[in-house]
$ cat start.csv   # CSV, C-alpha atoms
chain,number,residue,atom,x,y,z
A,118,ALA,CA,-14.9,-0.1,8.3
A,119,GLN,CA,-13.8,1.6,5.1
A,120,THR,CA,-14.1,0.1,1.6
A,121,VAL,CA,-12.5,1.2,-1.7
A,122,THR,CA,-14.0,0.1,-5.0
A,123,GLN,CA,-12.3,0.3,-8.4
A,124,SER,CA,-14.8,-0.9,-11.0
A,125,GLN,CA,-12.4,-1.0,-14.0
A,126,PRO,CA,-10.2,-4.1,-13.8
A,127,GLU,CA,-8.4,-3.2,-17.1
A,128,MET,CA,-8.0,-0.2,-19.4
A,129,SER,CA,-5.9,0.6,-22.4
A,130,VAL,CA,-5.3,3.8,-24.2
A,131,GLN,CA,-3.1,5.1,-27.0
A,132,GLU,CA,0.1,6.9,-26.1
A,133,ALA,CA,-0.3,10.6,-25.7
A,134,GLU,CA,-4.0,10.3,-25.0
A,135,THR,CA,-5.8,11.1,-21.7
A,136,VAL,CA,-7.2,8.4,-19.5
A,137,THR,CA,-9.3,8.5,-16.3
A,138,LEU,CA,-9.4,5.8,-13.7
A,139,SER,CA,-12.3,5.7,-11.4
A,140,CYS,CA,-12.5,5.0,-7.6
A,141,THR,CA,-15.3,5.2,-5.1
A,142,TYR,CA,-15.1,4.6,-1.4
A,143,ASP,CA,-17.3,4.3,1.6
A,144,THR,CA,-16.6,5.7,5.0
A,145,SER,CA,-18.3,7.4,7.9
A,146,GLU,CA,-15.2,9.4,8.7
A,147,SER,CA,-15.2,13.1,7.9
A,148,ASN,CA,-11.5,13.6,7.9
A,149,TYR,CA,-9.3,11.3,5.8
A,150,TYR,CA,-6.8,11.1,3.0
A,151,LEU,CA,-6.9,9.5,-0.4
A,152,PHE,CA,-4.1,8.2,-2.5
A,153,TRP,CA,-3.3,6.8,-5.9
A,154,TYR,CA,-0.4,4.3,-6.0
A,155,LYS,CA,1.2,2.9,-9.1
A,156,GLN,CA,2.6,-0.6,-9.3
A,157,PRO,CA,4.7,-1.3,-12.4
A,158,PRO,CA,5.9,-4.8,-13.4
A,159,SER,CA,8.7,-4.4,-10.9
A,160,ARG,CA,6.0,-4.5,-8.2
A,161,GLN,CA,7.4,-1.5,-6.4
A,162,MET,CA,4.6,0.6,-5.0
A,163,ILE,CA,5.0,4.2,-6.0
A,164,LEU,CA,2.9,7.1,-4.7
A,165,VAL,CA,1.4,9.0,-7.6
A,166,ILE,CA,-0.8,11.6,-5.9
A,167,ARG,CA,-2.6,12.3,-2.6
A,168,GLN,CA,-5.6,14.3,-1.5
A,169,GLU,CA,-6.6,15.6,1.9
A,170,ALA,CA,-10.4,15.4,2.4
A,171,TYR,CA,-10.6,18.8,4.0
A,172,LYS,CA,-9.2,20.4,0.9
A,173,GLN,CA,-11.7,21.3,-1.8
A,174,GLN,CA,-9.0,22.0,-4.4
A,175,ASN,CA,-8.2,18.9,-6.5
A,176,ALA,CA,-4.5,17.8,-6.2
A,177,THR,CA,-2.3,17.8,-9.3
A,178,GLU,CA,1.2,16.4,-9.9
A,179,ASN,CA,2.5,17.2,-13.4
A,180,ARG,CA,0.5,15.0,-15.8
A,181,PHE,CA,-1.6,13.5,-13.0
A,182,SER,CA,-4.6,15.1,-11.4
A,183,VAL,CA,-7.6,14.0,-9.4
A,184,ASN,CA,-11.3,14.8,-9.4
A,185,PHE,CA,-12.3,14.6,-5.8
A,186,GLN,CA,-16.0,14.6,-5.1
A,187,LYS,CA,-16.5,14.3,-1.4
A,188,ALA,CA,-20.3,14.2,-1.3
A,189,ALA,CA,-20.3,11.4,-3.9
A,190,LYS,CA,-17.3,9.7,-2.3
A,191,SER,CA,-15.5,9.6,-5.6
A,192,PHE,CA,-11.8,10.0,-6.3
A,193,SER,CA,-10.8,9.6,-10.0
A,194,LEU,CA,-7.3,9.9,-11.4
A,195,LYS,CA,-6.7,11.6,-14.7
A,196,ILE,CA,-3.5,10.9,-16.6
A,197,SER,CA,-2.8,13.4,-19.4
A,198,ASP,CA,-0.4,12.9,-22.3
A,199,SER,CA,0.0,9.3,-21.3
A,200,GLN,CA,3.4,7.7,-21.8
A,201,LEU,CA,4.6,4.1,-22.2
A,202,GLY,CA,6.1,4.3,-18.7
A,203,ASP,CA,2.6,4.8,-17.3
A,204,THR,CA,1.8,1.1,-18.0
A,205,ALA,CA,1.2,-0.4,-14.5
A,206,MET,CA,-1.4,-1.4,-12.0
A,207,TYR,CA,-3.0,1.6,-10.3
A,208,PHE,CA,-4.4,1.3,-6.8
A,209,CYS,CA,-6.7,3.8,-5.1
A,210,ALA,CA,-6.2,3.8,-1.3
A,211,PHE,CA,-7.9,5.4,1.8
A,212,MET,CA,-6.5,6.4,5.1
A,213,LYS,CA,-8.5,7.9,7.9
A,214,HIS,CA,-7.1,10.7,9.9
A,215,ALA,CA,-5.5,9.8,13.2
A,216,ASN,CA,-5.3,12.0,16.2
A,217,PHE,CA,-2.4,9.9,17.5
A,218,GLY,CA,0.2,8.0,15.5
A,219,ASN,CA,-0.7,6.9,12.0
A,220,GLU,CA,-3.2,4.8,10.3
A,221,LYS,CA,-3.3,1.9,7.9
A,222,LEU,CA,-4.1,2.1,4.2
A,223,THR,CA,-7.2,0.4,2.7
A,224,PHE,CA,-6.6,-0.4,-1.0
A,225,GLY,CA,-9.0,-1.1,-3.9
A,226,THR,CA,-8.5,-4.1,-6.2
A,227,GLY,CA,-6.6,-2.1,-8.8
A,228,THR,CA,-6.9,-1.1,-12.4
A,229,ARG,CA,-4.4,-2.6,-14.9
A,230,LEU,CA,-3.6,0.3,-17.3
A,231,THR,CA,-1.8,-0.4,-20.6
A,232,ILE,CA,-0.5,2.4,-22.8
A,233,ILE,CA,-0.4,1.3,-26.4
A,234,PRO,CA,2.4,2.7,-28.6
B,269,ASN,CA,19.0,8.2,1.9
B,270,ALA,CA,18.2,4.5,1.4
B,271,GLY,CA,14.6,3.5,1.0
B,272,VAL,CA,12.7,0.8,2.8
B,273,MET,CA,14.6,-2.4,2.5
B,274,GLN,CA,13.1,-5.9,2.5
B,275,ASN,CA,14.9,-9.2,2.4
B,276,PRO,CA,14.8,-11.7,1.0
B,277,ARG,CA,13.2,-10.6,-2.3
B,278,HIS,CA,12.2,-14.1,-3.0
B,279,LEU,CA,11.6,-16.9,-0.6
B,280,VAL,CA,10.7,-20.5,-1.3
B,281,ARG,CA,9.4,-22.8,1.5
B,282,ARG,CA,7.9,-26.2,1.6
B,283,ARG,CA,4.6,-26.7,3.4
B,284,GLY,CA,5.2,-26.9,7.2
B,285,GLN,CA,8.3,-24.8,7.2
B,286,GLU,CA,8.8,-21.4,8.8
B,287,ALA,CA,9.2,-18.2,6.8
B,288,ARG,CA,10.9,-15.1,8.2
B,289,LEU,CA,10.6,-11.8,6.3
B,290,ARG,CA,12.6,-8.8,7.2
B,291,CYS,CA,12.0,-5.1,6.8
B,292,SER,CA,14.3,-2.2,7.5
B,293,PRO,CA,12.4,1.1,7.5
B,294,MET,CA,13.8,4.3,6.1
B,295,LYS,CA,16.2,6.2,8.3
B,296,GLY,CA,14.3,8.2,10.9
B,297,HIS,CA,11.0,6.2,10.4
B,298,SER,CA,9.6,4.6,13.5
B,299,HIS,CA,6.3,3.3,12.1
B,300,VAL,CA,6.2,0.0,10.1
B,301,TYR,CA,3.3,-1.6,8.3
B,302,TRP,CA,3.0,-5.0,6.7
B,303,TYR,CA,0.6,-5.7,3.8
B,304,ARG,CA,0.0,-8.9,1.8
B,305,GLN,CA,-0.8,-9.0,-1.9
B,306,LEU,CA,-2.4,-12.2,-3.2
B,307,PRO,CA,-2.0,-12.9,-6.9
B,308,GLU,CA,-4.2,-10.5,-9.0
B,309,GLU,CA,-5.4,-8.7,-5.9
B,310,GLY,CA,-4.8,-5.4,-4.1
B,311,LEU,CA,-2.8,-5.0,-0.9
B,312,LYS,CA,-4.4,-6.0,2.3
B,313,PHE,CA,-3.3,-4.6,5.7
B,314,MET,CA,-1.9,-7.0,8.2
B,315,VAL,CA,-0.2,-5.2,11.1
B,316,TYR,CA,1.1,-1.8,12.2
B,317,LEU,CA,4.0,-1.6,14.6
B,318,GLN,CA,6.1,1.0,16.3
B,319,LYS,CA,9.4,0.2,18.1
B,320,GLU,CA,8.7,-2.6,20.5
B,321,ASN,CA,4.9,-2.2,20.2
B,322,ILE,CA,2.1,-3.6,18.1
B,323,ILE,CA,-0.3,-0.8,17.4
B,324,ASP,CA,-2.9,-2.6,15.2
B,325,GLU,CA,-2.9,-6.2,14.3
B,326,SER,CA,-6.5,-6.4,13.0
B,327,GLY,CA,-5.4,-7.8,9.7
B,328,MET,CA,-3.2,-10.6,11.0
B,329,PRO,CA,-4.5,-14.2,10.8
B,330,LYS,CA,-5.1,-15.4,14.3
B,331,GLU,CA,-2.8,-18.4,14.0
B,332,ARG,CA,0.7,-19.0,12.6
B,333,PHE,CA,1.5,-15.3,11.9
B,334,SER,CA,3.4,-13.0,14.2
B,335,ALA,CA,5.3,-9.7,13.8
B,336,GLU,CA,7.8,-7.7,15.8
B,337,PHE,CA,9.7,-4.5,15.6
B,338,PRO,CA,12.5,-4.6,18.2
B,339,LYS,CA,14.3,-1.7,19.6
B,340,GLU,CA,17.3,-2.6,17.5
B,341,GLY,CA,17.2,-4.2,14.1
B,342,PRO,CA,14.6,-4.8,11.4
B,343,SER,CA,11.0,-5.6,11.7
B,344,ILE,CA,10.2,-9.3,11.3
B,345,LEU,CA,7.1,-11.0,9.9
B,346,ARG,CA,7.1,-14.6,10.9
B,347,ILE,CA,4.9,-17.3,9.4
B,348,GLN,CA,5.0,-20.7,11.0
B,349,GLN,CA,4.0,-23.9,9.3
B,350,VAL,CA,3.4,-22.3,6.0
B,351,VAL,CA,0.6,-23.5,3.7
B,352,ARG,CA,0.2,-23.0,0.0
B,353,GLY,CA,-2.4,-20.3,0.6
B,354,ASP,CA,0.4,-18.2,2.2
B,355,SER,CA,2.0,-17.8,-1.2
B,356,ALA,CA,1.9,-14.0,-1.9
B,357,ALA,CA,3.9,-10.9,-2.1
B,358,TYR,CA,4.5,-9.3,1.3
B,359,PHE,CA,5.1,-5.6,1.4
B,360,CYS,CA,6.5,-3.5,4.2
B,361,ALA,CA,6.0,0.2,4.4
B,362,SER,CA,7.3,2.8,6.8
B,363,SER,CA,6.4,6.4,7.8
B,364,PRO,CA,8.0,9.0,10.1
B,365,LEU,CA,7.1,9.7,13.7
B,366,ASP,CA,5.6,13.1,13.0
B,367,ARG,CA,2.1,12.6,11.7
B,368,GLY,CA,1.6,16.1,10.2
B,369,GLU,CA,0.7,16.6,6.6
B,370,ARG,CA,3.3,14.2,5.2
B,371,ASN,CA,1.8,10.9,6.5
B,372,GLU,CA,2.9,9.1,3.4
B,373,GLN,CA,3.8,5.5,3.7
B,374,PHE,CA,7.0,4.5,1.8
B,375,PHE,CA,7.0,1.0,0.5
B,376,GLY,CA,9.7,-1.5,0.1
B,377,PRO,CA,10.1,-3.7,-3.0
B,378,GLY,CA,8.3,-6.7,-1.4
B,379,THR,CA,9.1,-10.3,-0.6
B,380,ARG,CA,7.6,-12.9,-2.9
B,381,LEU,CA,6.9,-16.0,-0.8
B,382,THR,CA,6.3,-19.2,-2.7
B,383,VAL,CA,5.1,-22.3,-0.8
B,384,LEU,CA,5.7,-25.6,-2.5
$ encode --input "start.csv" --output "structure tokens"
Amino acid sequence: AQTVTQSQPEMSVQEAETVTLSCTYDTSESNYYLFWYKQPPSRQMILVIRQEAYKQQNATENRFSVNFQKAAKSFSLKISDSQLGDTAMYFCAFMKHANFGNEKLTFGTGTRLTIIP
Amino acid sequence: NAGVMQNPRHLVRRRGQEARLRCSPMKGHSHVYWYRQLPEEGLKFMVYLQKENIIDESGMPKERFSAEFPKEGPSILRIQQVVRGDSAAYFCASSPLDRGERNEQFFGPGTRLTVL
């Protein structure tokens, strides 16, 4: 079974600063996917960024980037030039590769991020 | 292209009643997943369905909970004889048939169930 750990229950940062959210996971799988989801006060789950384990290059999406360390089983999210709209819960999630069909997501407990004006 | 739709958005039930939560996946998606989010916690997987088939129900409680995804119509998560501990937000997600690179799950807005 896979586990995902987010050790920072809450974080806050000034607007325009950079913040890094940490995530570690445990798995015996060699091929898998990692995701960061954002859940604003509306509770809608929004995909922020994804990483395929077989890719060494770290994924980036505009102001969002990850630091994927496969050997250490670490998958941190960096938010640059933070904006008030980034205030939300952030969940790290794991999905193992499936040869047939698809697979479920395993989520961490989340980090509540507050951007301070 | 409409996203994943869930209804109702809010549902209040008294202990012992039944709760029915509905999920319409995105157009062209044939995989549906249900997750439960207890207050101040992350989402926990419940069940994974394809049309007319349950693929993985390893996260479903053994009693009172059932799910279906019929050939026609939405997926239904049914909770019989609800108890206060069932109060949570229930999220549905869908993904397309082709696994490929884009195996993203698209989430609905959730149904918040409150048991009095």
$ residues_around --input "start.csv" --residues "region 157-163 of chain A" --least-positions-apart "5" --cutoff "8 Å" --atoms "all atoms listed in the file" --output "list in words"
Thr204, Ala205 and Met206 of chain A; Phe375, Gly376, Pro377 and Gly378 of chain B
$ interface_residues --input "start.csv" --of "chain B" --to "chain A" --cutoff "8 Å" --atoms "all atoms listed in the file" --output "mmCIF file with C-alpha atoms, keeping the file's coordinate frame"
data_model
loop_
_atom_site.group_PDB
_atom_site.id
_atom_site.type_symbol
_atom_site.label_atom_id
_atom_site.label_comp_id
_atom_site.auth_asym_id
_atom_site.auth_seq_id
_atom_site.Cartn_x
_atom_site.Cartn_y
_atom_site.Cartn_z
ATOM 1 C CA HIS B 299 6.300 3.300 12.100
ATOM 2 C CA TYR B 301 3.300 -1.600 8.300
ATOM 3 C CA GLU B 309 -5.400 -8.700 -5.900
ATOM 4 C CA GLY B 310 -4.800 -5.400 -4.100
ATOM 5 C CA LEU B 311 -2.800 -5.000 -0.900
ATOM 6 C CA LYS B 312 -4.400 -6.000 2.300
ATOM 7 C CA PHE B 313 -3.300 -4.600 5.700
ATOM 8 C CA TYR B 316 1.100 -1.800 12.200
ATOM 9 C CA LEU B 365 7.100 9.700 13.700
ATOM 10 C CA ASP B 366 5.600 13.100 13.000
ATOM 11 C CA ARG B 367 2.100 12.600 11.700
ATOM 12 C CA ASN B 371 1.800 10.900 6.500
ATOM 13 C CA PHE B 375 7.000 1.000 0.500
ATOM 14 C CA GLY B 376 9.700 -1.500 0.100
ATOM 15 C CA PRO B 377 10.100 -3.700 -3.000
ATOM 16 C CA GLY B 378 8.300 -6.700 -1.400
#
$ closest_residue --input "start.csv" --among "A:Ser129, A:Ser182, A:Tyr142, A:Gly202" --to "Gln168 (chain A)" --atoms "all atoms listed in the file"
A:Ser182
$ closest_residue --input "start.csv" --among "B:Arg290, B:Ile344, B:Arg332, B:Thr379" --to "Tyr358 (chain B)" --atoms "all atoms listed in the file"
B:Thr379
$ residues_around --input "start.csv" --residues "region 333-337 of chain B" --least-positions-apart "5" --cutoff "7 Å" --atoms "all atoms listed in the file" --output "list of chain:residue names"
B:Leu317, B:Gln318, B:Lys319, B:Glu320, B:Met328, B:Pro342, B:Ser343, B:Ile344, B:Leu345, B:Arg346, B:Ile347, B:Gln348
$ residues_around --input "start.csv" --residues "Phe374 (chain B)" --least-positions-apart "3" --cutoff "9 Å" --atoms "all atoms listed in the file" --output "list in words"
Met162, Ile163 and Leu164 of chain A; Gly271, Val272, Pro293, Met294, Cys360, Ala361, Ser362 and Ser363 of chain B
$ residues_around --input "start.csv" --residues "Asp143 (chain A)" --least-positions-apart "2" --cutoff "10 Å" --atoms "all atoms listed in the file" --output "ChimeraX atom specification"
/A:118-122,141,145-146,189-191,211
$ residues_around --input "start.csv" --residues "region 281-286 of chain B" --least-positions-apart "6" --cutoff "6 Å" --atoms "only C-alpha atoms" --output "mmCIF file with C-alpha atoms, keeping the file's coordinate frame"
data_model
loop_
_atom_site.group_PDB
_atom_site.id
_atom_site.type_symbol
_atom_site.label_atom_id
_atom_site.label_comp_id
_atom_site.auth_asym_id
_atom_site.auth_seq_id
_atom_site.Cartn_x
_atom_site.Cartn_y
_atom_site.Cartn_z
ATOM 1 C CA ILE B 347 4.900 -17.300 9.400
ATOM 2 C CA GLN B 348 5.000 -20.700 11.000
ATOM 3 C CA GLN B 349 4.000 -23.900 9.300
ATOM 4 C CA VAL B 350 3.400 -22.300 6.000
ATOM 5 C CA VAL B 351 0.600 -23.500 3.700
ATOM 6 C CA VAL B 383 5.100 -22.300 -0.800
ATOM 7 C CA LEU B 384 5.700 -25.600 -2.500
#
$ atom_distance --input "start.csv" --atom1 "CA of Gln200 (chain A)" --atom2 "CA of Thr231 (chain A)"
9.7 Å
$ atom_distance --input "start.csv" --atom1 "CA of Ser355 (chain B)" --atom2 "CA of Leu279 (chain B)"
9.7 Å
$ residues_near_point --input "start.csv" --point "(-8.9, 9.3, -11.9)" --cutoff "8 Å" --atoms "all atoms listed in the file" --output "PyMOL selection string"
chain A and resi 136-140+182-184+192-196
$ atom_distance --input "start.csv" --atom1 "CA of Glu127 (chain A)" --atom2 "CA of Glu308 (chain B)"
11.7 Å
$ closest_residue --input "start.csv" --among "B:Lys295, B:Lys339, B:Arg380, B:Arg277" --to "Ala357 (chain B)" --atoms "only C-alpha atoms"
B:Arg380
$ closest_residue --input "start.csv" --among "B:Met314, B:Leu381, B:Ile322, B:Val280" --to "Trp302 (chain B)" --atoms "only C-alpha atoms"
B:Met314
